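Enquirer: Mind having a look at this structure? Questions to follow.
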Amino acid sequence: MANVQETLIDYLRDAYAMEQQAISIMDRQIERLENYPEMTARLRSHRAETERQAERIETALQRLGTDTSSLKTGMAKLSSNLQAMMNTFAGDEAVKDVISNYTFEHYEIVNYKILKATAETAGEMEIARLAEESLREEEQMASWVEQNIGVITKDFLSRIENPHMQQTAKR
Ligand code: MG
Ligand code: FE
């Protein structure tokens, strides 16, 4: 059985892989979402936050005398690229991206809560504070996505055929 310090290092490494995956997902979305300027703008600002989140994890690992080398981020990148490709082929990619992003931000939230609790238990209060900072950013992003589910869905629907609207216009 690993000790708390080793477990903290494992969770930090998992979080680092998670943030690498986040960057890769957002890059694909930003590339493809030309018709959704507000969503793209929010993704760009969260991408910048995400780079700082990855740096916080590097700082935390350095504090513990280790680093981010030998991390298994390859699989994560592959699966996020596949996901982005599937969303693109679906045509309603903005809506599919909302699902991906809502899910991913909540995945990040639970991971940072676990990381924070583990850091506190290990007596690493500075690392707990770093986890808390990133946690707040994920919560803000999750809440932005939540508030924009209807807006983005209706924006997408306004671009496709709507028999109901055509009927209304004829009357
Ligand atoms: Mg993140
Ligand atoms: Fe995030």
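We name chains A, B, ... following the order of the structure tokens; residues begin at 1 in each chain, and ligands are numbered from 1 as shown.
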Write out as an MDAnalysis selection string each polymer residue whose atoms come within 12 Å of range 30-39 of chain A, counting only C-alpha atoms; drop sequence neighbours fewer than 3 positions from it.

Expert: chainID A and resid 23:27 42:47 84:85 87:89 91:98 101 141 144:145 147:149 151:156 158:159

Enquirer: Residues of the last selection are to be written out with N, CA and C atoms, as an mmCIF file, in the first residue's frame.

Expert:
data_model
loop_
_atom_site.group_PDB
_atom_site.id
_atom_site.type_symbol
_atom_site.label_atom_id
_atom_site.label_comp_id
_atom_site.auth_asym_id
_atom_site.auth_seq_id
_atom_site.Cartn_x
_atom_site.Cartn_y
_atom_site.Cartn_z
ATOM 1 N N ILE A 23 -6.326 20.843 -22.779
ATOM 2 C CA ILE A 23 -5.760 21.744 -23.787
ATOM 3 C C ILE A 23 -5.996 21.190 -25.189
ATOM 4 N N SER A 24 -5.786 19.895 -25.336
ATOM 5 C CA SER A 24 -5.969 19.266 -26.633
ATOM 6 C C SER A 24 -7.442 19.314 -27.083
ATOM 7 N N ILE A 25 -8.374 19.094 -26.176
ATOM 8 C CA ILE A 25 -9.814 19.189 -26.500
ATOM 9 C C ILE A 25 -10.168 20.616 -26.921
ATOM 10 N N MET A 26 -9.710 21.606 -26.144
ATOM 11 C CA MET A 26 -10.064 22.999 -26.436
ATOM 12 C C MET A 26 -9.448 23.474 -27.741
ATOM 13 N N ASP A 27 -8.220 23.043 -28.034
ATOM 14 C CA ASP A 27 -7.584 23.422 -29.308
ATOM 15 C C ASP A 27 -8.427 22.961 -30.486
ATOM 16 N N ARG A 42 -14.691 32.226 -24.830
ATOM 17 C CA ARG A 42 -14.637 31.639 -23.482
ATOM 18 C C ARG A 42 -13.636 30.480 -23.446
ATOM 19 N N LEU A 43 -13.616 29.702 -24.538
ATOM 20 C CA LEU A 43 -12.671 28.585 -24.613
ATOM 21 C C LEU A 43 -11.230 29.091 -24.626
ATOM 22 N N ARG A 44 -10.989 30.193 -25.353
ATOM 23 C CA ARG A 44 -9.628 30.750 -25.389
ATOM 24 C C ARG A 44 -9.184 31.205 -24.007
ATOM 25 N N SER A 45 -10.080 31.864 -23.263
ATOM 26 C CA SER A 45 -9.668 32.338 -21.941
ATOM 27 C C SER A 45 -9.496 31.146 -20.978
ATOM 28 N N HIS A 46 -10.326 30.121 -21.128
ATOM 29 C CA HIS A 46 -10.139 28.953 -20.251
ATOM 30 C C HIS A 46 -8.891 28.159 -20.642
ATOM 31 N N ARG A 47 -8.534 28.217 -21.923
ATOM 32 C CA ARG A 47 -7.307 27.546 -22.362
ATOM 33 C C ARG A 47 -6.094 28.179 -21.677
ATOM 34 N N ALA A 84 -13.106 14.763 -30.505
ATOM 35 C CA ALA A 84 -13.294 15.993 -31.277
ATOM 36 C C ALA A 84 -13.691 15.663 -32.714
ATOM 37 N N MET A 85 -13.104 14.617 -33.258
ATOM 38 C CA MET A 85 -13.401 14.212 -34.624
ATOM 39 C C MET A 85 -14.850 13.744 -34.731
ATOM 40 N N ASN A 87 -17.333 14.637 -32.835
ATOM 41 C CA ASN A 87 -18.195 15.814 -32.704
ATOM 42 C C ASN A 87 -18.281 16.591 -34.010
ATOM 43 N N THR A 88 -17.157 16.662 -34.741
ATOM 44 C CA THR A 88 -17.124 17.399 -36.000
ATOM 45 C C THR A 88 -18.001 16.725 -37.044
ATOM 46 N N PHE A 89 -17.936 15.406 -37.144
ATOM 47 C CA PHE A 89 -18.711 14.684 -38.155
ATOM 48 C C PHE A 89 -20.207 14.732 -37.857
ATOM 49 N N GLY A 91 -22.063 17.267 -37.243
ATOM 50 C CA GLY A 91 -22.741 18.432 -37.802
ATOM 51 C C GLY A 91 -23.183 19.403 -36.717
ATOM 52 N N ASP A 92 -23.713 18.854 -35.632
ATOM 53 C CA ASP A 92 -24.115 19.703 -34.503
ATOM 54 C C ASP A 92 -22.966 19.752 -33.496
ATOM 55 N N GLU A 93 -21.764 20.007 -34.008
ATOM 56 C CA GLU A 93 -20.575 19.926 -33.153
ATOM 57 C C GLU A 93 -20.627 20.867 -31.951
ATOM 58 N N ALA A 94 -21.223 22.054 -32.126
ATOM 59 C CA ALA A 94 -21.274 22.998 -30.987
ATOM 60 C C ALA A 94 -22.070 22.379 -29.843
ATOM 61 N N VAL A 95 -23.175 21.712 -30.177
ATOM 62 C CA VAL A 95 -24.004 21.077 -29.145
ATOM 63 C C VAL A 95 -23.249 19.904 -28.512
ATOM 64 N N LYS A 96 -22.576 19.121 -29.348
ATOM 65 C CA LYS A 96 -21.800 17.995 -28.828
ATOM 66 C C LYS A 96 -20.637 18.507 -27.951
ATOM 67 N N ASP A 97 -20.056 19.645 -28.341
ATOM 68 C CA ASP A 97 -18.982 20.235 -27.534
ATOM 69 C C ASP A 97 -19.505 20.694 -26.174
ATOM 70 N N VAL A 98 -20.740 21.192 -26.146
ATOM 71 C CA VAL A 98 -21.348 21.582 -24.867
ATOM 72 C C VAL A 98 -21.432 20.364 -23.941
ATOM 73 N N ASN A 101 -17.891 19.492 -22.839
ATOM 74 C CA ASN A 101 -17.306 20.471 -21.916
ATOM 75 C C ASN A 101 -17.992 20.448 -20.553
ATOM 76 N N MET A 141 -15.905 27.844 -15.110
ATOM 77 C CA MET A 141 -16.096 27.366 -16.484
ATOM 78 C C MET A 141 -17.331 26.472 -16.568
ATOM 79 N N TRP A 144 -20.309 28.632 -16.579
ATOM 80 C CA TRP A 144 -20.500 29.297 -17.885
ATOM 81 C C TRP A 144 -21.153 28.331 -18.875
ATOM 82 N N VAL A 145 -20.656 27.110 -18.926
ATOM 83 C CA VAL A 145 -21.224 26.106 -19.846
ATOM 84 C C VAL A 145 -22.696 25.884 -19.490
ATOM 85 N N GLN A 147 -24.810 27.830 -18.019
ATOM 86 C CA GLN A 147 -25.647 28.978 -18.377
ATOM 87 C C GLN A 147 -25.824 29.138 -19.881
ATOM 88 N N ASN A 148 -24.982 28.475 -20.658
ATOM 89 C CA ASN A 148 -25.040 28.643 -22.112
ATOM 90 C C ASN A 148 -25.565 27.425 -22.866
ATOM 91 N N ILE A 149 -26.055 26.435 -22.158
ATOM 92 C CA ILE A 149 -26.584 25.233 -22.825
ATOM 93 C C ILE A 149 -27.721 25.618 -23.778
ATOM 94 N N VAL A 151 -28.621 28.660 -24.919
ATOM 95 C CA VAL A 151 -28.198 29.659 -25.906
ATOM 96 C C VAL A 151 -27.526 28.977 -27.102
ATOM 97 N N ILE A 152 -26.567 28.098 -26.813
ATOM 98 C CA ILE A 152 -25.806 27.449 -27.884
ATOM 99 C C ILE A 152 -26.699 26.474 -28.668
ATOM 100 N N THR A 153 -27.553 25.756 -27.957
ATOM 101 C CA THR A 153 -28.473 24.826 -28.637
ATOM 102 C C THR A 153 -29.388 25.598 -29.593
ATOM 103 N N LYS A 154 -29.952 26.706 -29.130
ATOM 104 C CA LYS A 154 -30.862 27.495 -29.974
ATOM 105 C C LYS A 154 -30.125 28.170 -31.122
ATOM 106 N N ASP A 155 -28.886 28.582 -30.864
ATOM 107 C CA ASP A 155 -28.043 29.154 -31.914
ATOM 108 C C ASP A 155 -27.838 28.112 -33.023
ATOM 109 N N PHE A 156 -27.497 26.871 -32.625
ATOM 110 C CA PHE A 156 -27.333 25.792 -33.602
ATOM 111 C C PHE A 156 -28.644 25.545 -34.350
ATOM 112 N N SER A 158 -31.070 27.482 -34.965
ATOM 113 C CA SER A 158 -31.456 28.582 -35.850
ATOM 114 C C SER A 158 -30.773 28.471 -37.212
ATOM 115 N N ARG A 159 -29.748 27.628 -37.309
ATOM 116 C CA ARG A 159 -29.022 27.451 -38.570
ATOM 117 C C ARG A 159 -29.564 26.302 -39.407
#

Enquirer: Residues at most 7 Å from ligand 2, using only C-alpha atoms and all ligand atoms? Could they come as a CSV table (one decimal) with all heavy atoms, in the first residue's frame?

Expert:
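Result file follows (part11.csv):
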chain,number,residue,atom,x,y,z
A,22,ALA,N,-7.2,18.5,-21.6
A,22,ALA,CA,-8.1,19.6,-21.7
A,22,ALA,C,-7.6,20.6,-22.8
A,22,ALA,O,-8.4,21.1,-23.6
A,22,ALA,CB,-8.2,20.4,-20.3
A,46,HIS,N,-10.3,30.1,-21.1
A,46,HIS,CA,-10.1,29.0,-20.3
A,46,HIS,C,-8.9,28.2,-20.6
A,46,HIS,O,-8.3,27.5,-19.8
A,46,HIS,CB,-11.4,28.0,-20.2
A,46,HIS,CG,-11.3,27.0,-19.2
A,46,HIS,ND1,-11.2,27.3,-17.8
A,46,HIS,CD2,-11.4,25.7,-19.2
A,46,HIS,CE1,-11.2,26.2,-17.1
A,46,HIS,NE2,-11.3,25.2,-17.9
A,50,THR,N,-6.0,27.1,-18.2
A,50,THR,CA,-5.6,25.7,-18.2
A,50,THR,C,-4.1,25.5,-18.2
A,50,THR,O,-3.5,24.7,-17.5
A,50,THR,CB,-6.3,24.9,-19.3
A,50,THR,OG1,-7.7,25.0,-19.2
A,50,THR,CG2,-5.9,23.4,-19.3
A,105,GLU,N,-15.6,19.5,-17.4
A,105,GLU,CA,-15.4,20.5,-16.3
A,105,GLU,C,-15.8,19.8,-15.0
A,105,GLU,O,-15.1,20.1,-14.0
A,105,GLU,CB,-16.2,21.8,-16.5
A,105,GLU,CG,-15.6,22.6,-17.7
A,105,GLU,CD,-14.1,22.9,-17.7
A,105,GLU,OE1,-13.6,23.1,-16.6
A,105,GLU,OE2,-13.5,22.9,-18.8
A,108,GLU,N,-13.1,17.5,-14.0
A,108,GLU,CA,-12.0,18.3,-13.4
A,108,GLU,C,-12.3,18.7,-12.0
A,108,GLU,O,-11.5,18.7,-11.1
A,108,GLU,CB,-11.7,19.5,-14.2
A,108,GLU,CG,-11.1,19.2,-15.6
A,108,GLU,CD,-10.7,20.4,-16.4
A,108,GLU,OE1,-11.6,21.2,-16.8
A,108,GLU,OE2,-9.5,20.7,-16.5
A,137,GLU,N,-11.5,27.9,-10.9
A,137,GLU,CA,-11.6,28.2,-12.3
A,137,GLU,C,-12.5,27.2,-13.0
A,137,GLU,O,-13.2,27.5,-13.9
A,137,GLU,CB,-10.2,28.2,-12.9
A,137,GLU,CG,-9.4,29.4,-12.4
A,137,GLU,CD,-7.9,29.3,-12.8
A,137,GLU,OE1,-7.4,28.3,-13.3
A,137,GLU,OE2,-7.2,30.3,-12.5
A,138,GLU,N,-12.3,25.9,-12.6
A,138,GLU,CA,-13.2,24.9,-13.2
A,138,GLU,C,-14.6,25.1,-12.9
A,138,GLU,O,-15.5,24.9,-13.7
A,138,GLU,CB,-12.7,23.5,-12.7
A,138,GLU,CG,-11.3,23.1,-12.8
A,138,GLU,CD,-10.7,23.2,-14.2
A,138,GLU,OE1,-11.3,23.8,-15.1
A,138,GLU,OE2,-9.5,22.7,-14.4
A,141,MET,N,-15.9,27.8,-15.1
A,141,MET,CA,-16.1,27.4,-16.5
A,141,MET,C,-17.3,26.5,-16.6
A,141,MET,O,-18.1,26.6,-17.5
A,141,MET,CB,-14.8,26.6,-17.0
A,141,MET,CG,-14.9,26.2,-18.4
A,141,MET,SD,-15.1,27.5,-19.6
A,141,MET,CE,-15.1,26.6,-21.2

Enquirer: A:Val110, A:Glu58, A:Leu135, A:Arg13: which is nearest ligand 1, counting only C-alpha atoms and all ligand atoms?

Expert: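 Comparing A:Val110, A:Glu58, A:Leu135, A:Arg13 against ligand 1, the winner is A:Leu135.
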
Enquirer: Might you pull out every residue within 10 Å of Ala15 in chain A, with only C-alpha atoms counted and same-chain residues fewer than 6 positions away left off, and present them as a list in words?

Expert: Ile9, Gln21, Gln53, Ala54, Ile57, Glu108, Asn111, Tyr112, Leu115 and Ala131 of chain A

Enquirer: Please produce a file of those selected residues containing all heavy atoms, as a PDB file, in the first residue's frame.

Expert:
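The result, written out as again_4.pdb:
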ATOM      1  N   ILE A   9       1.329  12.367  -5.094  1.00  0.00           N
ATOM      2  CA  ILE A   9       2.114  12.461  -6.340  1.00  0.00           C
ATOM      3  C   ILE A   9       1.343  11.809  -7.498  1.00  0.00           C
ATOM      4  O   ILE A   9       1.238  12.385  -8.585  1.00  0.00           O
ATOM      5  CB  ILE A   9       3.520  11.829  -6.159  1.00  0.00           C
ATOM      6  CG1 ILE A   9       4.363  12.726  -5.221  1.00  0.00           C
ATOM      7  CG2 ILE A   9       4.233  11.664  -7.505  1.00  0.00           C
ATOM      8  CD1 ILE A   9       5.685  12.105  -4.774  1.00  0.00           C
ATOM      9  N   GLN A  21      -4.956  16.878 -21.604  1.00  0.00           N
ATOM     10  CA  GLN A  21      -6.108  16.472 -22.397  1.00  0.00           C
ATOM     11  C   GLN A  21      -7.059  17.660 -22.612  1.00  0.00           C
ATOM     12  O   GLN A  21      -7.576  17.857 -23.711  1.00  0.00           O
ATOM     13  CB  GLN A  21      -6.843  15.324 -21.699  1.00  0.00           C
ATOM     14  CG  GLN A  21      -7.959  14.748 -22.557  1.00  0.00           C
ATOM     15  CD  GLN A  21      -8.739  13.638 -21.860  1.00  0.00           C
ATOM     16  OE1 GLN A  21      -8.583  13.414 -20.649  1.00  0.00           O
ATOM     17  NE2 GLN A  21      -9.577  12.961 -22.605  1.00  0.00           N
ATOM     18  N   GLN A  53      -2.970  26.211 -14.830  1.00  0.00           N
ATOM     19  CA  GLN A  53      -3.300  25.064 -13.964  1.00  0.00           C
ATOM     20  C   GLN A  53      -2.222  23.980 -14.086  1.00  0.00           C
ATOM     21  O   GLN A  53      -1.796  23.396 -13.084  1.00  0.00           O
ATOM     22  CB  GLN A  53      -4.669  24.487 -14.343  1.00  0.00           C
ATOM     23  CG  GLN A  53      -5.819  25.447 -14.030  1.00  0.00           C
ATOM     24  CD  GLN A  53      -7.142  24.994 -14.622  1.00  0.00           C
ATOM     25  OE1 GLN A  53      -7.207  24.005 -15.347  1.00  0.00           O
ATOM     26  NE2 GLN A  53      -8.213  25.721 -14.320  1.00  0.00           N
ATOM     27  N   ALA A  54      -1.788  23.739 -15.328  1.00  0.00           N
ATOM     28  CA  ALA A  54      -0.727  22.743 -15.554  1.00  0.00           C
ATOM     29  C   ALA A  54       0.564  23.187 -14.853  1.00  0.00           C
ATOM     30  O   ALA A  54       1.266  22.369 -14.251  1.00  0.00           O
ATOM     31  CB  ALA A  54      -0.512  22.531 -17.043  1.00  0.00           C
ATOM     32  N   ILE A  57       0.481  22.487 -11.185  1.00  0.00           N
ATOM     33  CA  ILE A  57       0.751  21.064 -10.899  1.00  0.00           C
ATOM     34  C   ILE A  57       2.259  20.790 -10.976  1.00  0.00           C
ATOM     35  O   ILE A  57       2.809  20.072 -10.143  1.00  0.00           O
ATOM     36  CB  ILE A  57      -0.046  20.155 -11.867  1.00  0.00           C
ATOM     37  CG1 ILE A  57      -1.552  20.362 -11.652  1.00  0.00           C
ATOM     38  CG2 ILE A  57       0.327  18.691 -11.651  1.00  0.00           C
ATOM     39  CD1 ILE A  57      -2.414  19.825 -12.783  1.00  0.00           C
ATOM     40  N   GLU A 108     -13.105  17.550 -13.966  1.00  0.00           N
ATOM     41  CA  GLU A 108     -11.993  18.301 -13.383  1.00  0.00           C
ATOM     42  C   GLU A 108     -12.320  18.734 -11.953  1.00  0.00           C
ATOM     43  O   GLU A 108     -11.463  18.670 -11.064  1.00  0.00           O
ATOM     44  CB  GLU A 108     -11.686  19.539 -14.235  1.00  0.00           C
ATOM     45  CG  GLU A 108     -11.111  19.188 -15.596  1.00  0.00           C
ATOM     46  CD  GLU A 108     -10.708  20.433 -16.362  1.00  0.00           C
ATOM     47  OE1 GLU A 108     -11.601  21.186 -16.796  1.00  0.00           O
ATOM     48  OE2 GLU A 108      -9.493  20.656 -16.527  1.00  0.00           O
ATOM     49  N   ASN A 111     -11.891  15.906  -9.556  1.00  0.00           N
ATOM     50  CA  ASN A 111     -10.464  15.589  -9.419  1.00  0.00           C
ATOM     51  C   ASN A 111      -9.734  16.599  -8.535  1.00  0.00           C
ATOM     52  O   ASN A 111      -8.894  16.216  -7.718  1.00  0.00           O
ATOM     53  CB  ASN A 111      -9.806  15.493 -10.796  1.00  0.00           C
ATOM     54  CG  ASN A 111      -9.918  14.097 -11.369  1.00  0.00           C
ATOM     55  OD1 ASN A 111      -9.148  13.208 -11.020  1.00  0.00           O
ATOM     56  ND2 ASN A 111     -10.917  13.873 -12.207  1.00  0.00           N
ATOM     57  N   TYR A 112     -10.050  17.904  -8.689  1.00  0.00           N
ATOM     58  CA  TYR A 112      -9.386  18.907  -7.850  1.00  0.00           C
ATOM     59  C   TYR A 112      -9.859  18.828  -6.394  1.00  0.00           C
ATOM     60  O   TYR A 112      -9.093  19.123  -5.473  1.00  0.00           O
ATOM     61  CB  TYR A 112      -9.568  20.320  -8.416  1.00  0.00           C
ATOM     62  CG  TYR A 112      -8.542  20.601  -9.494  1.00  0.00           C
ATOM     63  CD1 TYR A 112      -8.924  20.821 -10.810  1.00  0.00           C
ATOM     64  CD2 TYR A 112      -7.178  20.608  -9.202  1.00  0.00           C
ATOM     65  CE1 TYR A 112      -7.975  21.051 -11.806  1.00  0.00           C
ATOM     66  CE2 TYR A 112      -6.222  20.832 -10.175  1.00  0.00           C
ATOM     67  CZ  TYR A 112      -6.626  21.059 -11.474  1.00  0.00           C
ATOM     68  OH  TYR A 112      -5.679  21.275 -12.443  1.00  0.00           O
ATOM     69  N   LEU A 115      -7.828  16.022  -5.050  1.00  0.00           N
ATOM     70  CA  LEU A 115      -6.440  16.478  -4.921  1.00  0.00           C
ATOM     71  C   LEU A 115      -6.267  17.361  -3.686  1.00  0.00           C
ATOM     72  O   LEU A 115      -5.309  17.199  -2.915  1.00  0.00           O
ATOM     73  CB  LEU A 115      -6.062  17.249  -6.197  1.00  0.00           C
ATOM     74  CG  LEU A 115      -4.593  17.520  -6.468  1.00  0.00           C
ATOM     75  CD1 LEU A 115      -3.755  16.247  -6.404  1.00  0.00           C
ATOM     76  CD2 LEU A 115      -4.456  18.171  -7.853  1.00  0.00           C
ATOM     77  N   ALA A 131      -4.532  23.665  -5.603  1.00  0.00           N
ATOM     78  CA  ALA A 131      -5.662  22.857  -6.087  1.00  0.00           C
ATOM     79  C   ALA A 131      -6.958  23.654  -5.993  1.00  0.00           C
ATOM     80  O   ALA A 131      -7.799  23.628  -6.895  1.00  0.00           O
ATOM     81  CB  ALA A 131      -5.766  21.553  -5.295  1.00  0.00           C
TER      82      ALA A 131
END

Enquirer: Using Å and a single decimal, report how far CA of Met125 in chain A sits from CA of Ala48 in chain A.

Expert: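 Taking CA of Ala48 in chain A as the start and CA of Met125 in chain A as the end point, the length is 24.8 Å.
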
Enquirer: Tell me which of A:Glu120, A:Glu132, A:Asp14, A:Glu19 sits closest to ligand 1, counting only C-alpha atoms and all ligand atoms.

Expert: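 Under the stated criterion, the closest residue is A:Glu19.
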
Enquirer: Quote the spacing between CA of Gln5 in chain A and CA of Ala122 in chain A in Å to one decimal place.

Expert: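 Distance reported for this atom pair: 5.9 Å.
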
Enquirer: Rounded to one decimal place, report the CA of Ala41 in chain A-CA of Thr103 in chain A distance in Å.

Expert: 19.4 Å

Enquirer: Excluding range 62-67 of chain A and residues on its chain fewer than 2 positions from it, collect all residues at most 10 Å away from it, counting only C-alpha atoms, and give them as a PyMOL selection string.

Expert: chain A and resi 5-6+8-9+12-13+56-60+69-71+124+126-127
